[in-house]
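Text of protein29.cif, listed as mmCIF, C-alpha atoms:
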data_entry
#
loop_
_atom_site.label_atom_id
_atom_site.label_comp_id
_atom_site.auth_asym_id
_atom_site.auth_seq_id
_atom_site.Cartn_x
_atom_site.Cartn_y
_atom_site.Cartn_z
CA MET D 177 -19.50 -22.70 -103.27
CA PRO D 178 -16.26 -24.28 -102.16
CA PHE D 179 -14.78 -21.47 -100.04
CA ARG D 180 -16.78 -20.62 -96.90
CA LEU D 181 -16.10 -17.29 -95.19
CA ARG D 182 -16.36 -16.55 -91.49
CA SER D 183 -19.76 -15.22 -90.47
CA GLU D 184 -19.61 -11.57 -89.38
CA ASP D 185 -22.18 -8.88 -88.61
CA VAL D 186 -22.39 -5.23 -89.68
CA SER D 187 -20.01 -4.16 -86.89
CA PHE D 188 -17.18 -5.87 -88.79
CA VAL D 189 -16.84 -2.67 -90.81
CA GLU D 190 -15.54 -0.98 -87.62
CA ARG D 191 -12.92 -3.64 -86.77
CA ALA D 192 -11.89 -5.34 -90.01
CA PRO D 193 -8.17 -5.41 -90.82
CA VAL D 194 -8.90 -3.78 -94.20
CA VAL D 195 -11.71 -1.37 -95.11
CA VAL D 196 -12.03 -0.13 -98.67
CA ARG D 197 -14.21 2.97 -99.09
CA ALA D 198 -15.74 4.93 -101.95
CA GLU D 199 -18.21 7.79 -101.96
CA THR D 200 -20.40 9.51 -104.51
CA SER D 201 -23.17 12.09 -104.62
CA VAL D 202 -26.40 11.41 -106.49
CA PRO D 203 -28.76 14.28 -107.44
CA ALA D 204 -31.83 12.54 -106.03
CA SER D 205 -33.42 11.68 -102.70
CA PRO D 206 -32.32 8.61 -100.71
CA GLU D 207 -35.71 7.06 -101.49
CA ALA D 208 -35.02 7.41 -105.23
CA VAL D 209 -31.52 5.90 -104.83
CA TRP D 210 -32.67 2.99 -102.62
CA PRO D 211 -34.05 0.69 -105.39
CA ALA D 212 -30.59 0.52 -107.00
CA PHE D 213 -29.39 -1.34 -103.90
CA ALA D 214 -32.53 -3.15 -102.75
CA ASP D 215 -33.34 -4.70 -106.15
CA ALA D 216 -30.65 -7.33 -106.75
CA SER D 217 -31.38 -7.49 -110.47
CA ALA D 218 -30.67 -3.74 -110.81
CA TRP D 219 -27.00 -4.02 -109.74
CA PRO D 220 -25.64 -5.30 -113.08
CA GLU D 221 -27.37 -2.38 -114.81
CA TRP D 222 -25.34 0.25 -112.95
CA PHE D 223 -22.41 -1.35 -111.06
CA THR D 224 -19.49 -1.75 -113.47
CA GLY D 225 -18.12 -5.28 -113.40
CA MET D 226 -21.24 -6.87 -111.89
CA LYS D 227 -22.33 -9.59 -114.31
CA ASP D 228 -25.27 -11.03 -112.38
CA ALA D 229 -27.14 -10.55 -109.11
CA HIS D 230 -30.31 -12.23 -107.96
CA TYR D 231 -32.04 -13.17 -104.74
CA THR D 232 -31.95 -16.86 -103.88
CA SER D 233 -34.57 -16.57 -101.15
CA PRO D 234 -38.25 -15.70 -101.63
CA ALA D 235 -39.72 -12.19 -101.37
CA PRO D 236 -40.25 -10.06 -99.42
CA TYR D 237 -36.56 -9.17 -99.24
CA GLY D 238 -34.87 -7.83 -96.14
CA VAL D 239 -32.55 -8.84 -93.32
CA GLY D 240 -31.79 -12.55 -93.67
CA SER D 241 -32.54 -12.72 -97.39
CA THR D 242 -29.89 -14.37 -99.53
CA ARG D 243 -28.57 -13.59 -102.97
CA ARG D 244 -25.93 -14.73 -105.43
CA VAL D 245 -23.70 -12.34 -107.37
CA ARG D 246 -21.05 -12.58 -110.03
CA VAL D 247 -18.48 -9.78 -110.27
CA MET D 248 -15.99 -10.43 -113.03
CA SER D 249 -14.68 -13.95 -112.20
CA LEU D 250 -15.78 -13.91 -108.54
CA GLU D 251 -19.04 -15.64 -107.63
CA ALA D 252 -20.42 -15.15 -104.13
CA ASP D 253 -23.35 -16.21 -101.97
CA GLU D 254 -24.45 -13.42 -99.62
CA THR D 255 -26.79 -12.78 -96.72
CA ILE D 256 -28.45 -9.39 -96.22
CA LEU D 257 -27.52 -7.91 -92.81
CA ALA D 258 -29.21 -4.48 -93.01
CA PHE D 259 -32.15 -3.39 -95.15
CA ASP D 260 -33.06 0.05 -93.80
CA VAL D 261 -35.09 1.65 -96.61
CA GLY D 262 -33.48 4.86 -97.83
CA GLU D 263 -30.69 4.64 -95.23
CA ARG D 264 -28.53 1.50 -95.17
CA PHE D 265 -27.99 -1.71 -97.13
CA ALA D 266 -25.44 -4.28 -95.91
CA PHE D 267 -24.53 -7.86 -96.62
CA ARG D 268 -22.09 -10.57 -95.61
CA VAL D 269 -20.37 -12.80 -98.12
CA ASP D 270 -20.93 -16.40 -96.98
CA SER D 271 -19.01 -18.28 -99.66
CA THR D 272 -17.13 -17.71 -102.90
CA ASN D 273 -15.66 -19.66 -105.78
CA LEU D 274 -12.18 -18.15 -105.16
CA PRO D 275 -10.07 -18.46 -101.95
CA LEU D 276 -9.51 -14.73 -101.37
CA PHE D 277 -11.08 -13.75 -98.05
CA VAL D 278 -11.53 -15.05 -94.52
CA ALA D 279 -14.43 -12.61 -93.98
CA LEU D 280 -16.14 -9.90 -96.04
CA VAL D 281 -18.96 -7.50 -95.14
CA GLU D 282 -20.15 -4.63 -97.36
CA VAL D 283 -22.11 -1.66 -96.03
CA VAL D 284 -23.76 1.11 -98.07
CA THR D 285 -25.15 4.19 -96.34
CA LEU D 286 -27.40 6.81 -97.91
CA GLU D 287 -27.60 10.31 -96.44
CA ALA D 288 -29.70 13.22 -97.66
CA VAL D 289 -27.57 16.32 -98.22
CA GLY D 290 -29.80 19.09 -99.51
CA SER D 291 -31.34 17.83 -102.75
CA THR D 292 -28.72 15.10 -103.21
CA THR D 293 -27.84 11.79 -101.58
CA ARG D 294 -24.38 11.08 -100.25
CA VAL D 295 -23.63 7.39 -100.86
CA VAL D 296 -20.80 5.81 -98.87
CA TYR D 297 -19.83 2.25 -99.81
CA ARG D 298 -17.47 0.33 -97.51
CA GLN D 299 -16.04 -3.14 -98.01
CA ALA D 300 -14.67 -4.60 -94.76
CA LEU D 301 -12.49 -7.63 -95.23
CA GLU D 302 -9.94 -9.97 -93.81
CA PRO D 303 -7.78 -11.45 -96.57
CA ARG D 304 -6.59 -15.05 -96.55
CA PRO D 305 -2.98 -15.34 -95.30
CA TRP D 306 -1.51 -15.87 -98.78
CA LEU D 307 -3.11 -12.61 -99.95
CA ARG D 308 -1.92 -10.34 -97.11
CA LEU D 309 1.38 -9.37 -98.77
CA LEU D 310 -0.52 -8.26 -101.85
CA MET D 311 -3.09 -6.17 -99.94
CA PRO D 312 -1.57 -2.74 -100.66
CA LEU D 313 -1.91 -3.39 -104.39
CA LEU D 314 -5.24 -5.20 -104.08
CA ARG D 315 -6.63 -2.41 -101.88
CA ARG D 316 -5.91 0.21 -104.56
CA GLN D 317 -7.53 -2.00 -107.21
CA MET D 318 -10.59 -2.57 -105.00
CA GLU D 319 -10.94 1.19 -104.30
CA ARG D 320 -10.70 1.93 -108.01
CA GLY D 321 -13.25 -0.80 -108.79
CA LEU D 322 -15.63 0.51 -106.14
CA ARG D 323 -15.38 4.08 -107.48
CA ARG D 324 -15.91 2.80 -111.04
CA GLY D 325 -18.88 0.75 -109.88
CA LEU D 326 -20.49 3.77 -108.23
CA ASP D 327 -19.99 5.89 -111.37
CA GLY D 328 -23.02 4.23 -112.92
CA LEU D 329 -25.32 4.92 -109.98
CA ALA D 330 -26.41 8.51 -110.71
CA PRO D 331 -27.26 7.83 -114.38
CA TRP D 332 -29.23 4.70 -113.37
CA VAL D 333 -31.19 6.61 -110.72
CA ALA D 334 -31.93 9.44 -113.19
CA ALA D 335 -33.21 6.95 -115.76
CA HIS D 336 -35.42 5.14 -113.23
CA SER D 337 -36.80 8.15 -111.29
CA ARG D 338 -39.17 9.45 -113.95
#
As structure tokens, please, write out the structure in this file.
Amino acid sequence: MPFRLRSEDVSFVERAPVVVRAETSVPASPEAVWPAFADASAWPEWFTGMKDAHYTSPAPYGVGSTRRVRVMSLEADETILAFDVGERFAFRVDSTNLPLFVALVEVVTLEAVGSTTRVVYRQALEPRPWLRLLMPLLRRQMERGLRRGLDGLAPWVAAHSR
């Protein structure tokens, strides 16, 4: 892809200039929720706006695996940074087809809370200079998109946990 992003690790979520966050609760265990994140091909089934997702490296999948995704008009090549079964899934965006970000890392954490799972999804990013003035508007749109994306998670887990 033509636009390479700066390589960052999971700690970028603690120091990024912009962090977009969404949270949901799923009435299932973290182990039942995990496949929705670990299986790249599952994402388009539950994450609104995701058109395609597939691993580009061979199984078994884990830290260092690569995948390609298409979300609306954005295509991205990613590297998995954390693959902690039932706890944490994280990836770095390595390149995209659109010149939007200098760096982008996404981290999903799963936490058992009684009989449910608290899912926290954070997108840590540094926008390209031309995009900085638009970040207040873009941030709201990204938060809304992340919440909408997570809305499909609980129904997907319910349908796949039987």
Would you list the contacts of range 277-282 of chain D as a list in words, taking every protein, DNA or RNA residue within 6 Å and counting only C-alpha atoms, but skipping same-chain residues closer than 4 positions in sequence?
Leu181, Arg182, Ala266, Phe267, Arg268, Val269, Arg298, Gln299, Ala300, Leu301, Glu302, Pro303 and Arg304 of chain D
Show me, as AutoDock Vina command-line options, the centre and edge lengths in Å to one decimal of the axis-aligned box that covers every listed atom of range 226-236 of chain D with 4 Å on each side.
--center_x -30.7 --center_y -11.9 --center_z -106.9 --size_x 27.0 --size_y 18.0 --size_z 22.9
Using Å and a single decimal, report how far CA of Ser271 in chain D sits from CA of Pro305 in chain D.
16.9 Å
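Shortest atom-to-atom contact with Phe259 in chain D among D:Asp215, D:Glu190, D:Asp327, D:Glu319: D:Asp215, counting only C-alpha atoms.
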Once the PyMOL selection byres ((chain D and resi 234-242) around 8) has been applied to the shown file, what residues remain in the selection, as a VMD selection string?
chain D and resid 231 to 233 243 to 244 253 to 259
Taking (-26.5, -0.3, -101.8) in the file's own coordinates, collect the residues within 6 Å, counting only C-alpha atoms, and hand them back as an NGL selection string.
:D and (213 or 265 or 284)
Given the file shown, enumerate the residues that the PyMOL selection byres ((chain D and resi 193-202) around 7) captures and present them as a list in words.
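Taken on the displayed file, the PyMOL selection byres ((chain D and resi 193-202) around 7) yields the residues Val189, Arg191, Ala192, Pro203, Ala204, Thr292, Thr293, Arg294, Val295, Val296, Tyr297, Arg298, Gln299, Ala300, Leu301, Glu302, Arg315, Met318, Glu319, Leu322, Arg323, Leu326 and Ala330 of chain D.
In terms of minimum interatomic distance to Asp228 in chain D, D:Val247 ranks closest within D:Gly328, D:Val247, D:Arg308, D:Gly290, counting all atoms listed in the file.
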